[in-house]
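Shown next, in structure tokens, is the structure this report addresses.
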Amino acid sequence: MKSISLYVDKGSWLNKMAPESKIIYIITAITVPALLGIRWAGMGFIVLSIILLLSGKVLKKTLPLLGVSGFVLVTVLIIQGLFWAGNITPLFRIGPAVFYKEGLNFALGILVNVINILLSFCVLILTTKPSDMIENFVRKGFSPRFGYVFISVFQIIPQMTETMNTITDAQRSRGMETEGKLWVRIKAFIPLISPVIMSSLINTKERALALEVRGFNSKNKKTFLNEQVKTSADIYIQIALLLGIAAALIWRITVWLG
Amino acid sequence: MSTIEVKNLHFSYVEGDEILKGLNFVIDSRSTAIIGQNGAGKTTFVKLLKGLLKPTEGEILLNGKGIKDMTVAAIAKHVGMVFQNPNDQIFKNQVLDEVMFGPLQIGMDKETAKIKALEALEIVGLAEEKHTNPYDLGLSRRKLAAIASILAMDTEVIIFDEPTIAQDYAGKERIKDIIRKLRNDGKTVITIIHDMNFVADVFERAIVFAQGHAILDDSTKMVFLQKEILEKSYLEQPDVMKLCYELGFKEGFLNVEEFIQGKMNKR
Amino acid sequence: MARIVIEHLKYKYPGTNKLALDDISFTIEPGEFIGIIGRNESGKSSLCQAIAGLIPNFYKGAYGGKIFIDDMEVKKVGVEELCETVGIVFQNPFNQVTGSKLTVYEEISFGLENMGIPREEMIKHIDDAMELLDISKYRDRYPFDLSGGQMQRMAIASIIAMKPEVILLDEPTSQLDPQGREEVFQAVQKLSKQGITIIMVEHNMEKIAAYSDRIVLLEDGKLIDIDTPQKIFSRDDLDEYGVEAPVYTQICRELGLKDRSSGYYPITLEEAKRILSGDRKGEM
């Protein structure tokens with residue numbers, strides 16, 4: 001199955017939860033530490049996300065994502081550790097390079113924030129079928145047409161990549177070079193991209209017709225094959241999360257006033 | 001006249017899941033149709049022949065020389081291929097420019113390329129449309145323009161991928177004529193095709209692919225007489241052959257003309 | 001059941017000067033199997049799209065005449081309403097996949113969701129359609145992973161699930177392998193037996209001759225003839241319209257063998273076999 005969605009169905013309780021709850025969780029995980037301004041809060045949410053991902057059996061799927069961002073984060077750590085403007089207290093040295101406490105501390109703050117955001121998004125993305133999420137929005141009054149566009153993008157793009165491969169084969173078969181120097185690649189651009197655009201236009205028109213005759217523009221109230229994804233716990237979880245945000249907000253305001 | 005030798009050809013995208021499981025044959029001067037169910041490995045085979053894929057084992061020799069180390073562009077000078085969907089290649093605003101693109105890519109000078117392109121358009125019956133935008137042609141004529149764009153490259157070997165899709169009776173007759181002409185000009189013609197009546201009408205040799213093997217390889221008539229093997233490979237006999245079978249003829253006829261001829265001779 | 005009446009239908013695509021459909025009139029009875037033949041660009045697809053209401057509701061252009069499905073005038077009802085009575089299946093199975101559903105089962109629900117069919121009823125319709133098209137075993141497969149024949153049967157099932165009374169098929173098998181083509185033809189025959197009106201454009205004359213009750217012959221947007229396959233394929237002037245009779249008819253015509261009872265040439269393998277075995281009297 002070719003789809004650019006990262007979703008995996010593990011039949012876990014997270015799969016069954018309403019997507020809205022997970023979206024509210026992301027908002028909570030980001031706003032609460034920001035409001036509190038305490039690094040431990042961010043770390044707390046990281047631990048919570050890890051526990052959630054573990055219980056959803058998708059923790060392993062986060063590794064490639066963490067791997068990519070990990071490289072960037074390590075770079076941040078090194079650069080800030082060495083060169084941050086407020087660096088005063090040397091902590092340790094590796095060869096000629098001296099790492100400072102203040103820079104590392106600052107970098108750690110960024111690290112915690114980024115990982116927190118990343119993992120809380122993973123909780124949503126890895127455990128939610130994109131179509132379920134959109135369908136829930138449509139139920140709440142979101143336009144079905146926009147809903148369709150959002151969902152179909154996940155499937156149509158991989159299909160277009162396939163067309164692109166065929167077109168590359170077809171033009172190479174006519175003796176066109178597609179690899180090598182920059183100039184060769186630039187010259188290959190038009191013969192490759194024009195057929196992609198034209199065939200996408202043709203396919204889109206044909207697909208539009210096919211959707212049309214399946215009542216895409218029907219004025220009837222839409223029904224759904226899949227039952228709404230939600231559990232009885234959802235509403236309580238959502239209330240708890242919102243209360244958490246509210247509490248953090250009140251705390252912040254009291255600190256300001258006080 | 002060029003030859004293509006296929007020796008112990010294996011191919012797999014993923015290890016342990018072979019798509020071609022050891023092909024051995026020589027493509028000779030006979031026009032050859034490769035038939036078989038979807039997924040039998042036909043497309044993979046022609047992609048190997050074009051150098052778009054590299055064999056995992058075995059080799060293909062073009063005129064005695066291995067193509068393994070040749071680039072796709074170098075192979076394109078010898079082997080042309082018409083893809084199934086003309087929309088996968090057309091990008092010029094004028095039919096003539098589109099047809100000249102291939103010849104220019106393989107190093108023909110502009111003068112020769114133009115002569116070859118006009119010749120090719122004549123053959124496919126689009127001489128009048130040389131200044132038309134290819135997308136203003138209907139799908140079946142756009143396909144003929146795509147065929148011309150390969151013919152103009154004047155390669156020794158020409159491969160067609162499902163040439164009859166979207167063609168009506170007249171279009172099919174036109175393509176039959178093109179294939180016969182290429183054959184008579186000494187070109188090697190290979191086709192992947194699902195249309196059995198069409199194969200029976202023009203091709204001299206048929207190779208049946210099934211699960212990565214060439215399970216039948218003989219003159220078209222001999223292949224189409226093997227009703228059981230064909231059905232096991234989810235293929236069918238040409239319609240006239242079905243009639244011969246139903247009538248209990250020992251001999252099979254490939255098409256209407258042969259049938260009538262045979263019948264007259266017996267009288 | 002739906003009776004289709006076409007009266008003096010004329011149509012011109014926007015930006016063209018030629019009539020794509022030129023004064024076409026005929027009537028289709030409920031439950032009939034109608035084959036449409038003719039050379040490329042003779043108006044076969046346009047006629048289908050006109051009956052499905054895509055002409056003139058999706059394509060604009062100049063439109064004259066009337067098409068009635070029972071007492072509903074096609075031009076006056078939107079495609080979204082008409083599609084509940086008239087379904088249409090196109091050539092390319094690939095471009096009929098919505099791309100918004102992850103399984104075959106969900107894919108078939110697309111039209112029903114749009115129509116607003118209650119969930120319980122929807123499930124029943126989907127199960128029936130999958131059963132009829134023999135694709136229940138692919139229920140949980142990813143739509144784009146199906147073979148061409150399977151995908152086309154899914155497209156037909158998606159239409160059938162909407163319970164139309166008429167289904168139009170515009171060259172549904174031209175991009176399929178022999179097995180896929182056979183699968184689709186068998187499915188279509190099954191639909192016909194259920195009493196659904198079938199209108200099918202097809203280049204394979206042997207098949208269309210065997211299945212059709214009547215055949216529409218088009219040329220240059222005009223209706224040349226509408227009659228039984230026997231009569232259509234016994235015409236002397238088929239050549240002029242860029243179509244070929246089934247090989248069985250061609251052989252019997254060459255040999256001068258007509259069906260004694262009907263006075264026409266045979267059109268199917270079975271008929272040709274019967275006549276030729278009678279004729280052969282032990283020779284060959």
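Ordered as shown in the structure tokens, chains take letters A, B, and onward, while each chain numbers its residues from 1 and ligands are numbered from 1 in the order shown.
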Can you check which parts of chain A lie within 6 Å of chain C? Per residue, the shortest pair of atoms and distance in Å to one decimal, counting only C-alpha atoms, sorted by chain and number, as a Markdown table.
| residue | atom | partner | partner_atom | distance |
| --- | --- | --- | --- | --- |
| A:Ile151 | CA | C:Ser100 | CA | 5.3 |
| A:Ser152 | CA | C:Ser100 | CA | 4.5 |
| A:Gln155 | CA | C:Gly99 | CA | 5.5 |
| A:Arg207 | CA | C:Asn95 | CA | 5.1 |
| A:Ala210 | CA | C:Gln96 | CA | 5.4 |
| A:Val213 | CA | C:Cys83 | CA | 5.4 |
| A:Arg214 | CA | C:Gly111 | CA | 4.4 |
| A:Gly215 | CA | C:Glu80 | CA | 4.5 |
| A:Phe216 | CA | C:Asn114 | CA | 5.9 |
| A:Asn217 | CA | C:Glu80 | CA | 5.6 |
| A:Ser218 | CA | C:Glu80 | CA | 4.8 |
| A:Asn220 | CA | C:Gly116 | CA | 5.7 |
| A:Lys221 | CA | C:Gly116 | CA | 5.4 |
| A:Lys222 | CA | C:Gly116 | CA | 4.5 |
| A:Thr223 | CA | C:Gly116 | CA | 4.6 |
| A:Phe224 | CA | C:Glu113 | CA | 5.4 |
| A:Leu225 | CA | C:Arg119 | CA | 5.7 |
**Request:** Extract the full set of strand (DSSP E) residues from region 22-142 of chain C according to DSSP on the backbone, and format it as number ranges by chain.
**Result:** C: 22-28, 33-37, 62-69, 72-73, 86-89
Just-selected residues, C-alpha atoms written as a PDB file, in the first residue's frame:
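So the final result, stored in out.pdb, reads:
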ATOM      1  CA  ASP C  22     -26.630  15.202 -34.385  1.00  0.00           C
ATOM      2  CA  ASP C  23     -30.381  14.725 -34.114  1.00  0.00           C
ATOM      3  CA  ILE C  24     -30.517  11.401 -32.330  1.00  0.00           C
ATOM      4  CA  SER C  25     -33.865   9.841 -31.422  1.00  0.00           C
ATOM      5  CA  PHE C  26     -34.634   6.391 -30.037  1.00  0.00           C
ATOM      6  CA  THR C  27     -36.205   4.657 -27.061  1.00  0.00           C
ATOM      7  CA  ILE C  28     -34.741   2.099 -24.674  1.00  0.00           C
ATOM      8  CA  PHE C  33     -29.041  -4.563 -23.018  1.00  0.00           C
ATOM      9  CA  ILE C  34     -27.988  -1.957 -25.573  1.00  0.00           C
ATOM     10  CA  GLY C  35     -24.608  -2.056 -27.310  1.00  0.00           C
ATOM     11  CA  ILE C  36     -23.218   1.123 -28.856  1.00  0.00           C
ATOM     12  CA  ILE C  37     -20.764   0.770 -31.753  1.00  0.00           C
ATOM     13  CA  ALA C  62     -24.911  23.958 -27.132  1.00  0.00           C
ATOM     14  CA  TYR C  63     -27.664  21.453 -26.405  1.00  0.00           C
ATOM     15  CA  GLY C  64     -30.875  20.713 -28.223  1.00  0.00           C
ATOM     16  CA  GLY C  65     -33.580  18.077 -27.961  1.00  0.00           C
ATOM     17  CA  LYS C  66     -34.610  16.112 -24.892  1.00  0.00           C
ATOM     18  CA  ILE C  67     -33.753  12.977 -22.969  1.00  0.00           C
ATOM     19  CA  PHE C  68     -36.319  11.546 -20.586  1.00  0.00           C
ATOM     20  CA  ILE C  69     -35.684   8.885 -17.979  1.00  0.00           C
ATOM     21  CA  MET C  72     -37.526  13.064 -15.515  1.00  0.00           C
ATOM     22  CA  GLU C  73     -35.918  15.342 -18.085  1.00  0.00           C
ATOM     23  CA  VAL C  86     -28.532   6.379 -13.936  1.00  0.00           C
ATOM     24  CA  GLY C  87     -24.984   5.198 -13.177  1.00  0.00           C
ATOM     25  CA  ILE C  88     -21.983   5.420 -15.467  1.00  0.00           C
ATOM     26  CA  VAL C  89     -18.670   3.529 -15.517  1.00  0.00           C
TER      27      VAL C  89
END
Counting only C-alpha atoms, which residues of chain C sit at most 6 Å from some atom of chain B, and what is each one's closest atom pair with its distance in Å to one decimal, listed by chain and rising residue number, as a tab-separated table?
residue	atom	partner	partner_atom	distance
C:Arg39	CA	B:Asp168	CA	5.8
C:Asn40	CA	B:Asp168	CA	5.9
C:Asp177	CA	B:His194	CA	5.4
C:Pro178	CA	B:Leu235	CA	6.0
C:Gln179	CA	B:Tyr234	CA	5.7
C:Val243	CA	B:Tyr169	CA	5.8
C:Ile251	CA	B:Val256	CA	5.9
**Prompt:** Which residue gives the smallest distance to chain B among A:Leu126, A:Leu257, A:Ile156, A:Leu201, with only C-alpha atoms counted?
**Reply:** A:Leu201
Taking a cut-off of 7 Å and counting only C-alpha atoms, can you build a table that, for each residue of chain B near chain A, reports the nearest atom pair and how far apart they are in Å (one decimal), sorted by chain then residue number, as a tab-separated table?
residue	atom	partner	partner_atom	distance
B:Lys50	CA	A:Ser173	CA	7.0
B:Leu52	CA	A:Asp169	CA	6.8
B:Val72	CA	A:Arg172	CA	6.5
B:Ala73	CA	A:Gly175	CA	4.2
B:Ala76	CA	A:Gly175	CA	5.1
B:Gly80	CA	A:Ser173	CA	6.8
B:Met81	CA	A:Ser173	CA	6.7
B:Phe83	CA	A:Ala170	CA	6.6
B:Asn87	CA	A:Ser199	CA	6.0
B:Asp88	CA	A:Ile167	CA	4.9
B:Gln89	CA	A:Pro195	CA	6.0
B:Ile90	CA	A:Pro195	CA	5.9
B:Phe91	CA	A:Ser194	CA	5.4
B:Gly102	CA	A:Arg174	CA	4.8
B:Gln105	CA	A:Gly175	CA	5.3
B:Ile106	CA	A:Gly175	CA	5.4
Got time to write the residues from that selection, C-alpha atoms, as a PDB file, in the first residue's frame?
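part.pdb was written with the following content:
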ATOM      1  CA  LYS B  50      15.615  -1.075 -22.841  1.00  0.00           C
ATOM      2  CA  LEU B  52      15.711   0.759 -17.728  1.00  0.00           C
ATOM      3  CA  VAL B  72      19.861   3.833 -21.450  1.00  0.00           C
ATOM      4  CA  ALA B  73      20.648   6.624 -23.891  1.00  0.00           C
ATOM      5  CA  ALA B  76      17.973   4.029 -27.278  1.00  0.00           C
ATOM      6  CA  GLY B  80      12.914   2.069 -29.585  1.00  0.00           C
ATOM      7  CA  MET B  81       9.845   1.595 -27.455  1.00  0.00           C
ATOM      8  CA  PHE B  83       4.827   3.292 -24.289  1.00  0.00           C
ATOM      9  CA  ASN B  87       0.345  11.152 -22.462  1.00  0.00           C
ATOM     10  CA  ASP B  88       3.420   9.826 -20.670  1.00  0.00           C
ATOM     11  CA  GLN B  89       5.738  11.311 -23.269  1.00  0.00           C
ATOM     12  CA  ILE B  90       4.153  14.166 -25.205  1.00  0.00           C
ATOM     13  CA  PHE B  91       5.430  17.638 -24.280  1.00  0.00           C
ATOM     14  CA  GLY B 102      13.877  11.381 -30.137  1.00  0.00           C
ATOM     15  CA  GLN B 105      18.390  13.123 -28.706  1.00  0.00           C
ATOM     16  CA  ILE B 106      20.152  10.145 -30.266  1.00  0.00           C
TER      17      ILE B 106
END
**Item:** Exercise: Leu49 (chain B) partners within 12 Å, only C-alpha atoms, chain neighbours under 4 positions left out, as a PyMOL selection string
**Value:** (chain A and resi 173) or (chain B and resi 4-7+9+11+27+42-45+53-55+59-62+66-68+70-72+75-76+78-81+157-159+190)
**Request:** Determine, counting only C-alpha atoms, which protein, DNA and RNA residues have an atom within 8 Å of an atom of region 54-71 of chain A; residues of the same chain fewer than 5 positions away are not included. Present the result as JSON, numbers by chain.
**Result:** {"A": [8, 10, 12, 13, 14, 15, 115, 119, 122, 126, 127]}
**region 199-213 of chain C environment, 9 Å, only C-alpha atoms, sequence neighbours closer than 4 positions dropped, as an NGL selection string** = (:B and (166-169 or 239)) or (:C and (32-39 or 44-45 or 48 or 166-174 or 185 or 189 or 227-230 or 233 or 243-248 or 267-269))
**Request:** Would you list the contacts of Glu183 (chain C) as a PyMOL selection string, taking every protein, DNA or RNA residue within 9 Å and counting only C-alpha atoms, but skipping same-chain residues closer than 5 positions in sequence?
**Result:** chain C and resi 133+149-150+153+178+188
Writing out the chosen residues with N, CA and C atoms as an mmCIF file, in the first residue's frame:
data_model
loop_
_atom_site.group_PDB
_atom_site.id
_atom_site.type_symbol
_atom_site.label_atom_id
_atom_site.label_comp_id
_atom_site.auth_asym_id
_atom_site.auth_seq_id
_atom_site.Cartn_x
_atom_site.Cartn_y
_atom_site.Cartn_z
ATOM 1 N N LEU C 133 -20.603 -8.468 -7.818
ATOM 2 C CA LEU C 133 -19.423 -8.266 -8.657
ATOM 3 C C LEU C 133 -18.296 -9.227 -8.263
ATOM 4 N N GLY C 149 -8.734 -5.488 -13.680
ATOM 5 C CA GLY C 149 -10.060 -6.119 -13.739
ATOM 6 C C GLY C 149 -10.791 -5.991 -12.408
ATOM 7 N N GLN C 150 -10.030 -6.187 -11.313
ATOM 8 C CA GLN C 150 -10.630 -6.075 -9.981
ATOM 9 C C GLN C 150 -11.050 -4.631 -9.712
ATOM 10 N N ARG C 153 -14.151 -3.798 -11.585
ATOM 11 C CA ARG C 153 -15.338 -4.382 -10.949
ATOM 12 C C ARG C 153 -15.710 -3.605 -9.686
ATOM 13 N N PRO C 178 -7.049 -10.181 -20.918
ATOM 14 C CA PRO C 178 -8.182 -11.048 -21.281
ATOM 15 C C PRO C 178 -8.957 -11.545 -20.066
ATOM 16 N N VAL C 188 -21.197 -7.903 -15.907
ATOM 17 C CA VAL C 188 -22.209 -7.100 -16.594
ATOM 18 C C VAL C 188 -23.412 -7.964 -16.976
#
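For Pro86 (chain B), the non-local neighbours within 9 Å, defined as residues at least 5 positions apart in the same chain or in other chains and counting only C-alpha atoms, are Leu139, Arg142, Lys143, Leu144, Ala145, Ala146 and Ile147 of chain B.
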Please produce a file of those selected residues containing N, CA, C and O atoms, as an mmCIF file, in the first residue's frame.
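Generated file (again39.cif):
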data_model
loop_
_atom_site.group_PDB
_atom_site.id
_atom_site.type_symbol
_atom_site.label_atom_id
_atom_site.label_comp_id
_atom_site.auth_asym_id
_atom_site.auth_seq_id
_atom_site.Cartn_x
_atom_site.Cartn_y
_atom_site.Cartn_z
ATOM 1 N N LEU B 139 -7.331 10.716 -28.441
ATOM 2 C CA LEU B 139 -6.374 9.795 -27.834
ATOM 3 C C LEU B 139 -5.788 8.796 -28.841
ATOM 4 O O LEU B 139 -4.589 8.533 -28.840
ATOM 5 N N ARG B 142 -3.375 10.563 -31.035
ATOM 6 C CA ARG B 142 -2.224 10.970 -30.229
ATOM 7 C C ARG B 142 -1.270 9.784 -30.068
ATOM 8 O O ARG B 142 -0.058 9.918 -30.079
ATOM 9 N N LYS B 143 -1.875 8.599 -29.936
ATOM 10 C CA LYS B 143 -1.061 7.390 -29.827
ATOM 11 C C LYS B 143 -0.263 7.166 -31.114
ATOM 12 O O LYS B 143 0.902 6.774 -31.082
ATOM 13 N N LEU B 144 -0.905 7.422 -32.260
ATOM 14 C CA LEU B 144 -0.195 7.280 -33.533
ATOM 15 C C LEU B 144 0.972 8.269 -33.615
ATOM 16 O O LEU B 144 2.041 7.946 -34.128
ATOM 17 N N ALA B 145 0.775 9.465 -33.052
ATOM 18 C CA ALA B 145 1.865 10.444 -33.019
ATOM 19 C C ALA B 145 3.018 9.918 -32.162
ATOM 20 O O ALA B 145 4.195 10.063 -32.514
ATOM 21 N N ALA B 146 2.668 9.270 -31.046
ATOM 22 C CA ALA B 146 3.703 8.684 -30.188
ATOM 23 C C ALA B 146 4.446 7.577 -30.934
ATOM 24 O O ALA B 146 5.666 7.444 -30.818
ATOM 25 N N ILE B 147 3.704 6.793 -31.708
ATOM 26 C CA ILE B 147 4.349 5.743 -32.507
ATOM 27 C C ILE B 147 5.316 6.377 -33.498
ATOM 28 O O ILE B 147 6.470 5.952 -33.617
#
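Note that the spacing between CA of Phe137 (chain A) and CA of Gln228 (chain A) amounts to 10.5 Å.
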**Message:** DSSP on the backbone, helix (DSSP H, G or I) only: what residues of region 72-179 of chain A does that give? Format it as a ChimeraX atom specification.
**Reply:** /A:72-83,101-125,130-139,144-172
